[in-house]
>>> print(open('upload.cif').read())   # mmCIF, C-alpha atoms
data_upload
#
loop_
_atom_site.label_atom_id
_atom_site.label_comp_id
_atom_site.auth_asym_id
_atom_site.auth_seq_id
_atom_site.Cartn_x
_atom_site.Cartn_y
_atom_site.Cartn_z
CA MET A 1 -2.07 -3.00 23.91
CA ILE A 2 0.79 -5.42 23.34
CA THR A 3 -0.21 -9.01 22.58
CA TYR A 4 1.70 -12.23 23.08
CA ARG A 5 1.26 -15.84 22.01
CA ARG A 6 0.32 -18.71 24.29
CA GLY A 7 -0.48 -22.11 22.82
CA GLY A 8 -0.83 -20.63 19.33
CA GLN A 9 -3.37 -18.04 20.46
CA PHE A 10 -2.87 -14.30 20.81
CA VAL A 11 -3.31 -13.19 24.41
CA PRO A 12 -2.89 -9.90 26.28
CA GLU A 13 0.26 -9.31 28.27
CA SER A 14 -1.58 -9.86 31.57
CA THR A 15 -2.58 -13.38 30.49
CA ALA A 16 0.81 -14.23 28.98
CA ALA A 17 2.58 -13.82 32.33
CA ALA A 18 -0.34 -15.08 34.46
CA VAL A 19 0.22 -17.15 37.58
CA ASP A 20 -2.26 -19.52 39.22
CA THR A 21 -3.72 -19.00 42.71
CA VAL A 22 -0.89 -20.94 44.36
CA GLY A 23 1.63 -18.48 42.99
CA THR A 24 3.31 -20.68 40.39
CA ARG A 25 3.37 -20.03 36.68
CA MET A 26 0.57 -21.45 34.52
CA ALA A 27 1.23 -24.98 33.24
CA GLU A 28 1.23 -23.84 29.60
CA PRO A 29 3.94 -21.17 29.26
CA ALA A 30 3.60 -18.21 26.96
CA LEU A 31 5.62 -19.06 23.90
CA PHE A 32 7.63 -16.27 22.32
CA LEU A 33 7.19 -13.92 25.23
CA GLN A 34 7.88 -11.08 22.84
CA PRO A 35 5.33 -8.77 21.32
CA ASP A 36 4.00 -9.85 17.93
CA PRO A 37 4.85 -7.31 15.24
CA ALA A 38 2.42 -4.43 15.23
CA THR A 39 0.04 -4.71 12.33
CA GLN A 40 -1.62 -1.82 10.59
CA THR A 41 -5.07 -1.58 9.11
CA LEU A 42 -5.52 -1.20 5.36
CA PHE A 43 -6.51 2.42 5.92
CA GLU A 44 -3.40 3.17 7.99
CA MET A 45 -1.18 1.57 5.36
CA ALA A 46 -2.91 3.53 2.57
CA ASP A 47 -2.58 6.76 4.52
CA ASN A 48 1.14 6.06 4.96
CA LEU A 49 1.47 5.49 1.20
CA MET A 50 -0.23 8.85 0.56
CA GLU A 51 2.34 10.60 2.76
CA ARG A 52 5.11 8.90 0.79
CA VAL A 53 3.55 10.06 -2.50
CA LYS A 54 3.51 13.66 -1.22
CA ALA A 55 7.13 13.46 -0.06
CA CYS A 56 8.31 11.92 -3.33
CA ALA A 57 6.43 14.51 -5.41
CA LEU A 58 8.09 17.27 -3.40
CA GLN A 59 11.49 15.61 -3.86
CA HIS A 60 10.96 15.39 -7.65
CA GLY A 61 9.49 18.87 -8.01
CA VAL A 62 6.11 17.51 -9.18
CA THR A 63 2.93 19.34 -8.20
CA LEU A 64 0.17 16.88 -7.31
CA PRO A 65 -3.53 17.49 -7.86
CA GLY A 66 -5.18 19.15 -4.84
CA ARG A 67 -7.72 16.36 -4.35
CA GLN A 68 -5.93 13.62 -2.39
CA VAL A 69 -7.98 10.72 -1.13
CA VAL A 70 -7.66 7.30 0.51
CA TYR A 71 -10.52 5.10 -0.70
CA LEU A 72 -11.69 1.60 -1.61
CA SER A 73 -10.84 0.10 -4.97
CA PRO A 74 -11.82 0.89 -7.69
CA ILE A 75 -12.09 4.64 -7.98
CA PRO A 76 -13.28 6.42 -11.13
CA ALA A 77 -10.82 8.59 -13.03
CA ASP A 78 -13.29 11.43 -13.49
CA CYS A 79 -11.39 14.34 -11.93
CA GLU A 80 -7.84 15.40 -11.17
CA GLN A 81 -6.79 13.58 -8.02
CA VAL A 82 -4.26 11.42 -6.24
CA ALA A 83 -5.92 8.34 -4.80
CA VAL A 84 -4.49 5.54 -2.73
CA VAL A 85 -7.02 2.73 -2.94
CA PHE A 86 -7.01 -0.69 -1.33
CA ASP A 87 -8.75 -3.92 -2.33
CA GLY A 88 -8.36 -6.08 0.79
CA TRP A 89 -6.09 -8.78 2.18
CA THR A 90 -4.73 -11.90 0.49
CA ALA A 91 -2.57 -14.64 1.97
CA ASP A 92 0.97 -14.88 0.63
CA GLN A 93 2.67 -18.22 1.07
CA THR A 94 5.87 -17.43 -0.82
CA TRP A 95 7.84 -15.94 2.06
CA ASP A 96 8.02 -18.81 4.53
CA ILE A 97 9.18 -22.35 3.82
CA THR A 98 8.85 -23.62 7.38
CA LEU A 99 6.55 -26.51 8.11
CA HIS A 100 3.92 -25.11 10.42
CA CYS A 101 0.23 -24.39 10.02
CA ASN A 102 0.45 -20.64 9.53
CA ALA A 103 3.17 -20.54 6.87
CA PHE A 104 1.81 -17.38 5.28
CA ARG A 105 1.31 -13.73 5.99
CA TRP A 106 -1.33 -11.27 4.96
CA MET A 107 -0.68 -8.95 2.03
CA GLY A 108 -2.70 -5.79 1.46
CA GLY A 109 -3.51 -4.86 -2.13
CA PHE A 110 -2.99 -1.19 -2.99
CA SER A 111 -3.03 1.12 -6.00
CA VAL A 112 -1.71 4.65 -6.09
CA VAL A 113 -3.52 6.47 -8.89
CA ILE A 114 -2.53 9.91 -10.15
CA THR A 115 -5.20 11.28 -12.48
CA ARG A 116 -4.75 14.55 -14.36
CA CYS A 117 -6.45 16.48 -17.13
CA THR A 118 -4.57 15.57 -20.27
CA PRO A 119 -3.06 18.11 -22.59
CA ALA A 120 -3.53 15.61 -25.45
CA MET A 121 -7.17 16.35 -26.27
CA PRO A 122 -8.61 15.93 -29.74
CA THR A 123 -9.80 19.11 -31.41
CA ARG A 124 -13.48 20.07 -31.37
CA LYS A 125 -13.78 18.67 -34.88
CA GLY A 126 -12.43 15.32 -33.72
CA ALA A 127 -8.93 15.63 -35.14
CA ALA A 128 -6.12 13.93 -33.26
CA PRO A 129 -4.15 16.07 -30.81
CA SER A 130 -0.96 17.60 -32.11
CA VAL A 131 2.33 15.79 -31.73
CA GLN A 132 3.46 18.50 -29.30
CA LEU A 133 0.39 17.95 -27.05
CA MET A 134 0.97 14.19 -27.14
CA ARG A 135 4.58 14.74 -26.07
CA GLU A 136 3.40 16.98 -23.21
CA ALA A 137 1.01 14.23 -22.03
CA ALA A 138 3.82 11.69 -22.18
CA LEU A 139 6.10 14.00 -20.17
CA VAL A 140 3.42 14.42 -17.46
CA ALA A 141 3.02 10.62 -17.26
CA SER A 142 6.79 10.18 -17.09
CA HIS A 143 7.09 12.62 -14.17
CA ASP A 144 4.23 10.90 -12.32
CA ALA A 145 5.89 7.51 -12.92
CA ASP A 146 9.11 8.91 -11.41
CA VAL A 147 7.16 9.89 -8.28
CA LEU A 148 5.69 6.40 -8.04
CA THR A 149 9.12 4.81 -8.54
CA CYS A 150 10.34 6.92 -5.61
CA VAL A 151 7.45 5.58 -3.50
CA VAL A 152 8.46 2.00 -4.31
CA THR A 153 12.10 2.60 -3.40
CA SER A 154 11.02 4.11 -0.07
CA LEU A 155 9.40 0.83 1.00
CA SER A 156 11.42 -1.71 2.95
CA GLU A 157 9.51 -4.64 1.44
CA ILE A 158 6.88 -5.27 -1.22
CA GLY A 159 4.98 -8.35 -2.28
CA PRO A 160 5.76 -10.47 -5.33
CA GLU A 161 3.70 -8.35 -7.73
CA MET A 162 4.29 -4.69 -8.51
CA GLN A 163 3.88 -2.56 -11.61
CA ILE A 164 3.67 1.07 -12.69
CA ILE A 165 1.27 1.66 -15.56
CA THR A 166 0.98 4.80 -17.69
CA GLN A 167 -2.38 4.78 -19.43
CA ALA A 168 -3.36 6.61 -22.60
CA PRO A 169 -5.73 9.54 -22.09
CA THR A 170 -9.44 8.84 -22.13
CA GLY A 171 -12.36 11.16 -21.49
CA GLY A 172 -10.04 14.13 -21.04
CA PHE A 173 -8.01 12.48 -18.25
CA GLN A 174 -4.79 10.50 -18.10
CA THR A 175 -3.77 8.20 -15.29
CA THR A 176 -0.48 6.86 -13.99
CA GLU A 177 -0.93 3.97 -11.57
CA LEU A 178 1.20 1.97 -9.15
CA ASP A 179 -0.19 -1.45 -8.21
CA LEU A 180 1.48 -3.40 -5.42
CA ARG A 181 0.97 -5.70 -2.46
CA LEU A 182 2.42 -4.91 0.96
CA PRO A 183 2.83 -7.23 3.94
CA CYS A 184 0.68 -6.34 6.93
CA PHE A 185 3.75 -5.28 8.91
CA GLY A 186 7.29 -4.26 8.18
CA SER A 187 7.03 -2.72 4.73
CA LEU A 188 6.16 0.82 5.82
CA GLU A 189 8.93 1.29 8.38
#
>>> encode(input="upload.cif", output="structure tokens")
Amino acid sequence: MITYRRGGQFVPESTAAAVDTVGTRMAEPALFLQPDPATQTLFEMADNLMERVKACALQHGVTLPGRQVVYLSPIPADCEQVAVVFDGWTADQTWDITLHCNAFRWMGGFSVVITRCTPAMPTRKGAAPSVQLMREAALVASHDADVLTCVVTSLSEIGPEMQIITQAPTGGFQTTELDLRLPCFGSLE
């Protein structure tokens, strides 16, 4: 259903163009008789990010782990997986300098986490992994970071904070992570 604004409140289309019983328009007109931008839920936005991750991996020739999940933040890095996790909404006041009460928009917090078994495992006797295995782990992280960079460039808008982190292996797994904030509408077009 399309919504409109009347007197600062969101109203359905039927109310926005309502007439009184005499047949004249309501005294308080519907301001901005245009639909408000369609917003998406956190889940819908995360699902869209997952599709972008898959497309970018295909474009870069990177095979993603078979387990691909949209979930709440945080998620443990205890198996090979691609996870798009969200941590809720925050208000961003940096985008609008107008002087009205609602001079902010909602930003969703997301992380795209690619977790893989690492080739850089210590030996059974506890010796450090070989230099070659460490290089292989770094190459895997580099490829995953390229996929996440592709995801960022596919977005029309991101919030003020964004980073891609490649983390050292721990517990047999290594993780490459994209953290970003997306506005509730417009960024995933």
>>> closest_residue(input="upload.cif", among="A:Ile164, A:Val151, A:Ala91, A:Val85", to="A:Gln59", atoms="all atoms listed in the file")
A:Val151
>>> residues_around(input="upload.cif", residues="A:Pro65", least_positions_apart="2", cutoff="6 Å", atoms="only C-alpha atoms", output="JSON, numbers by chain")
{"A": [67, 80, 81]}
>>> write_last_selection(input="upload.cif", atoms="C-alpha atoms", output="PDB file, keeping the file's coordinate frame")
ATOM      1  CA  ARG A  67      -7.720  16.360  -4.350  1.00  0.00           C
ATOM      2  CA  GLU A  80      -7.840  15.400 -11.170  1.00  0.00           C
ATOM      3  CA  GLN A  81      -6.790  13.580  -8.020  1.00  0.00           C
TER       4      GLN A  81
END
>>> residues_near_point(input="upload.cif", point="(10.6, 9.0, -1.5)", cutoff="7 Å", atoms="only C-alpha atoms", output="ChimeraX atom specification")
/A:52,55-56,150-151,153-154
>>> residues_near_point(input="upload.cif", point="(-2.5, 3.3, -18.8)", cutoff="12 Å", atoms="all atoms listed in the file", output="MDAnalysis selection string")
chainID A and resid 77 113:115 137:138 141:142 145 163:170 173:179
>>> atom_distance(input="upload.cif", atom1="atom CA of A:Glu51", atom2="atom CA of A:Val152")
12.7 Å
>>> resolve_selection(input="upload.cif", expression="the PyMOL selection byres ((chain A and resi 106) around 8)", output="number ranges by chain")
A: 89-92, 104-105, 107-108, 183-184
>>> resolve_selection(input="upload.cif", expression="the PyMOL selection byres ((chain A and resi 83) around 8)", output="list in words")
Met50, Gln68, Val69, Val70, Tyr71, Ile75, Gln81, Val82, Val84, Val85, Ser111, Val112, Val113 and Ile114 of chain A
>>> atom_distance(input="upload.cif", atom1="atom CA of A:Val140", atom2="atom CA of A:Thr123")
19.8 Å
>>> atom_distance(input="upload.cif", atom1="atom CA of A:His143", atom2="atom CA of A:Gly66")
16.7 Å
>>> closest_residue(input="upload.cif", among="A:Gln40, A:Thr149, A:Ser130, A:Ser73", to="A:Ala57", atoms="all atoms listed in the file")
A:Thr149
>>> closest_residue(input="upload.cif", among="A:Pro74, A:Gly126, A:Gly109, A:Gly88", to="A:Leu49", atoms="all atoms listed in the file")
A:Gly109
>>> closest_residue(input="upload.cif", among="A:Val131, A:Leu72, A:Val62, A:Cys79", to="A:Phe110", atoms="only C-alpha atoms")
A:Leu72
>>> closest_residue(input="upload.cif", among="A:Glu44, A:Asp146, A:Thr63, A:Thr118", to="A:Leu133", atoms="only C-alpha atoms")
A:Thr118
>>> closest_residue(input="upload.cif", among="A:Leu42, A:Ala120, A:Met134, A:Ile158", to="A:Gly171", atoms="all atoms listed in the file")
A:Ala120
